[in-house]
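Listing of structure.txt; format and content: compact mmCIF, C-alpha atoms.
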```
# COMPACT_ATOMS: atom_id res chain seq x y z
CA MET F 1205 0.00 0.00 0.00
CA SER F 1206 2.88 2.36 0.72
CA GLU F 1207 4.15 1.96 -2.85
CA LEU F 1208 0.70 2.73 -4.23
CA GLN F 1209 0.48 5.86 -2.08
CA ARG F 1210 3.97 6.97 -3.09
CA TYR F 1211 3.31 6.52 -6.81
CA ALA F 1212 -0.04 8.32 -6.58
CA GLY F 1213 1.76 11.23 -4.95
CA TRP F 1214 3.97 11.55 -8.01
CA LEU F 1215 1.02 12.15 -10.33
CA ALA F 1216 0.19 15.51 -11.88
CA LYS F 1217 -2.62 17.78 -10.72
CA ASP F 1218 -5.09 16.94 -13.51
CA HIS F 1219 -8.54 15.42 -12.96
CA ALA F 1220 -7.55 11.80 -13.68
CA SER F 1221 -4.59 12.02 -11.30
CA ALA F 1222 -6.74 13.56 -8.57
CA ALA F 1223 -9.23 10.69 -8.97
CA VAL F 1224 -6.45 8.12 -8.56
CA ARG F 1225 -5.15 9.86 -5.43
CA ALA F 1226 -8.68 9.93 -3.97
CA ASP F 1227 -9.13 6.23 -4.77
CA VAL F 1228 -5.84 5.36 -3.08
CA GLN F 1229 -6.84 7.32 0.03
CA ALA F 1230 -10.25 5.61 0.14
CA LEU F 1231 -8.64 2.19 -0.29
CA GLY F 1232 -6.21 2.89 2.54
CA ALA F 1233 -9.04 3.99 4.82
CA ALA F 1234 -11.08 0.89 3.99
CA MET F 1235 -8.11 -1.36 4.68
CA ASP F 1236 -7.46 0.39 8.00
CA THR F 1237 -11.04 -0.11 9.14
CA GLY F 1238 -11.45 -3.59 7.71
CA ASN F 1239 -14.21 -2.63 5.25
CA ASP F 1240 -14.84 -4.33 1.91
CA THR F 1241 -12.36 -3.13 -0.70
CA SER F 1242 -13.63 -4.85 -3.85
CA LEU F 1243 -15.48 -1.83 -5.27
CA LEU F 1244 -12.61 0.47 -4.37
CA LEU F 1245 -10.15 -1.78 -6.20
CA LEU F 1246 -12.35 -1.71 -9.30
CA ALA F 1247 -12.68 2.09 -9.19
CA LEU F 1248 -8.94 2.49 -8.76
CA ASP F 1249 -8.22 0.17 -11.67
CA LYS F 1250 -10.62 2.12 -13.87
CA ASP F 1251 -9.11 5.48 -12.88
CA ILE F 1252 -5.55 4.24 -13.43
CA GLY F 1253 -6.68 3.29 -16.93
CA ARG F 1254 -7.58 6.93 -17.55
CA LEU F 1255 -4.03 8.10 -16.88
CA PRO F 1256 -1.68 8.73 -19.80
CA SER F 1257 0.60 5.82 -20.63
CA GLY F 1258 3.94 5.92 -18.91
CA GLY F 1259 6.14 4.67 -16.14
CA ILE F 1260 4.01 5.85 -13.23
CA ARG F 1261 0.90 4.22 -14.67
CA THR F 1262 2.83 0.95 -15.04
CA MET F 1263 4.10 1.16 -11.46
CA LEU F 1264 0.59 1.89 -10.17
CA ARG F 1265 -0.80 -1.14 -12.04
CA ARG F 1266 1.93 -3.37 -10.62
CA ALA F 1267 1.34 -2.13 -7.05
CA LEU F 1268 -2.43 -2.58 -7.48
CA GLY F 1269 -1.86 -6.14 -8.66
CA GLU F 1270 0.16 -6.90 -5.54
CA ILE F 1271 -2.58 -5.48 -3.32
CA ARG F 1272 -5.22 -7.51 -5.16
CA ALA F 1273 -3.17 -10.66 -4.62
CA VAL F 1274 -3.25 -10.02 -0.88
CA LEU F 1275 -6.84 -8.78 -0.55
CA GLY F 1276 -8.52 -10.80 -3.29
CA PRO F 1277 -8.57 -14.31 -1.79
CA ALA F 1278 -9.99 -13.21 1.57
CA GLU F 1279 -12.86 -11.35 -0.06
CA VAL F 1280 -13.60 -14.13 -2.54
CA ASP F 1281 -13.60 -16.71 0.26
CA GLY F 1282 -16.09 -14.57 2.19
CA GLU F 1283 -18.41 -14.41 -0.79
CA ARG F 1284 -18.10 -18.13 -1.46
CA GLY F 1285 -18.74 -18.88 2.21
CA GLU F 1286 -22.29 -17.64 1.81
CA ARG F 1287 -22.95 -19.95 -1.12
CA SER F 1288 -21.37 -23.08 0.37
```

Could you show the structure in this file as structure tokens?
Amino acid sequence: MSELQRYAGWLAKDHASAAVRADVQALGAAMDTGNDTSLLLLALDKDIGRLPSGGIRTMLRRALGEIRAVLGPAEVDGERGERS
């Protein structure tokens, strides 16, 4: 998460960059409180896609993938637990 926050801080001041920074802050808050992060991860992925191509966008995608790898299985297991 610290990498994601650092990379988001490097972004410009345009609308797409501001949206990514807001998404990263919301994701951090949700993780701190233990809330569901699935919708926040989707929003962040979508907003990263709106950024211009480049190194920072690539680093953000990589950091997001690492966070998904950690958060994803726990949330999926919770959803599957209801259906089992």

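If you look at atom CA of Ala1220 of chain F and atom CA of Thr1237 of chain F, they are 26.0 Å away from each other.
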
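In this comparison, which uses only C-alpha atoms, the residue of F:Ile1260, F:Gly1253, F:Ala1247, F:Gly1269 approaching Gly1213 of chain F most closely is F:Ile1260.
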
Selection: 12 Å around Arg1225 of chain F, all atoms listed in the file, excl. self and same-chain fewer than 6 positions, as a list in words: Leu1208, Gln1209, Arg1210, Tyr1211, Ala1212, Gly1213, Trp1214, Leu1215, Ala1216, Lys1217, Asp1218, His1219, Leu1231, Gly1232, Ala1247, Leu1248, Asp1249, Asp1251, Ile1252, Leu1255 and Leu1264 of chain F

Output of the above residues as a CSV table (one decimal), in the frame of the given file, restricted to C-alpha atoms:
```csv
chain,number,residue,atom,x,y,z
F,1208,LEU,CA,0.7,2.7,-4.2
F,1209,GLN,CA,0.5,5.9,-2.1
F,1210,ARG,CA,4.0,7.0,-3.1
F,1211,TYR,CA,3.3,6.5,-6.8
F,1212,ALA,CA,0.0,8.3,-6.6
F,1213,GLY,CA,1.8,11.2,-5.0
F,1214,TRP,CA,4.0,11.6,-8.0
F,1215,LEU,CA,1.0,12.2,-10.3
F,1216,ALA,CA,0.2,15.5,-11.9
F,1217,LYS,CA,-2.6,17.8,-10.7
F,1218,ASP,CA,-5.1,16.9,-13.5
F,1219,HIS,CA,-8.5,15.4,-13.0
F,1231,LEU,CA,-8.6,2.2,-0.3
F,1232,GLY,CA,-6.2,2.9,2.5
F,1247,ALA,CA,-12.7,2.1,-9.2
F,1248,LEU,CA,-8.9,2.5,-8.8
F,1249,ASP,CA,-8.2,0.2,-11.7
F,1251,ASP,CA,-9.1,5.5,-12.9
F,1252,ILE,CA,-5.6,4.2,-13.4
F,1255,LEU,CA,-4.0,8.1,-16.9
F,1264,LEU,CA,0.6,1.9,-10.2
```

Separation of atom CA of Arg1254 of chain F from atom CA of Asp1240 of chain F in Å: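 Between atom CA of Asp1240 of chain F and atom CA of Arg1254 of chain F the gap is 23.6 Å.
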
Pairwise distance for atom CA of Thr1241 of chain F and atom CA of Gly1276 of chain F, rounded to one decimal in Å: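 Distance between the two atoms: 9.0 Å.
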
Counting only C-alpha atoms, the option among F:Ser1257, F:Ser1242, F:Ala1223, F:Lys1250 closest to Arg1272 of chain F: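 Residue with the minimum atom-to-atom distance to Arg1272 of chain F: F:Ser1242.
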
Among the residues F:Met1205, F:Ala1222, F:Val1274, F:Leu1268, the one that comes closest to Leu1246 of chain F [using all atoms listed in the file]: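 The shortest atom-to-atom distance to Leu1246 of chain F comes from F:Leu1268.
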
Minimum-distance residue to Ala1273 of chain F, chosen among F:Gly1238, F:Asp1227, F:Leu1245, F:Glu1207 (using all atoms listed in the file): F:Leu1245
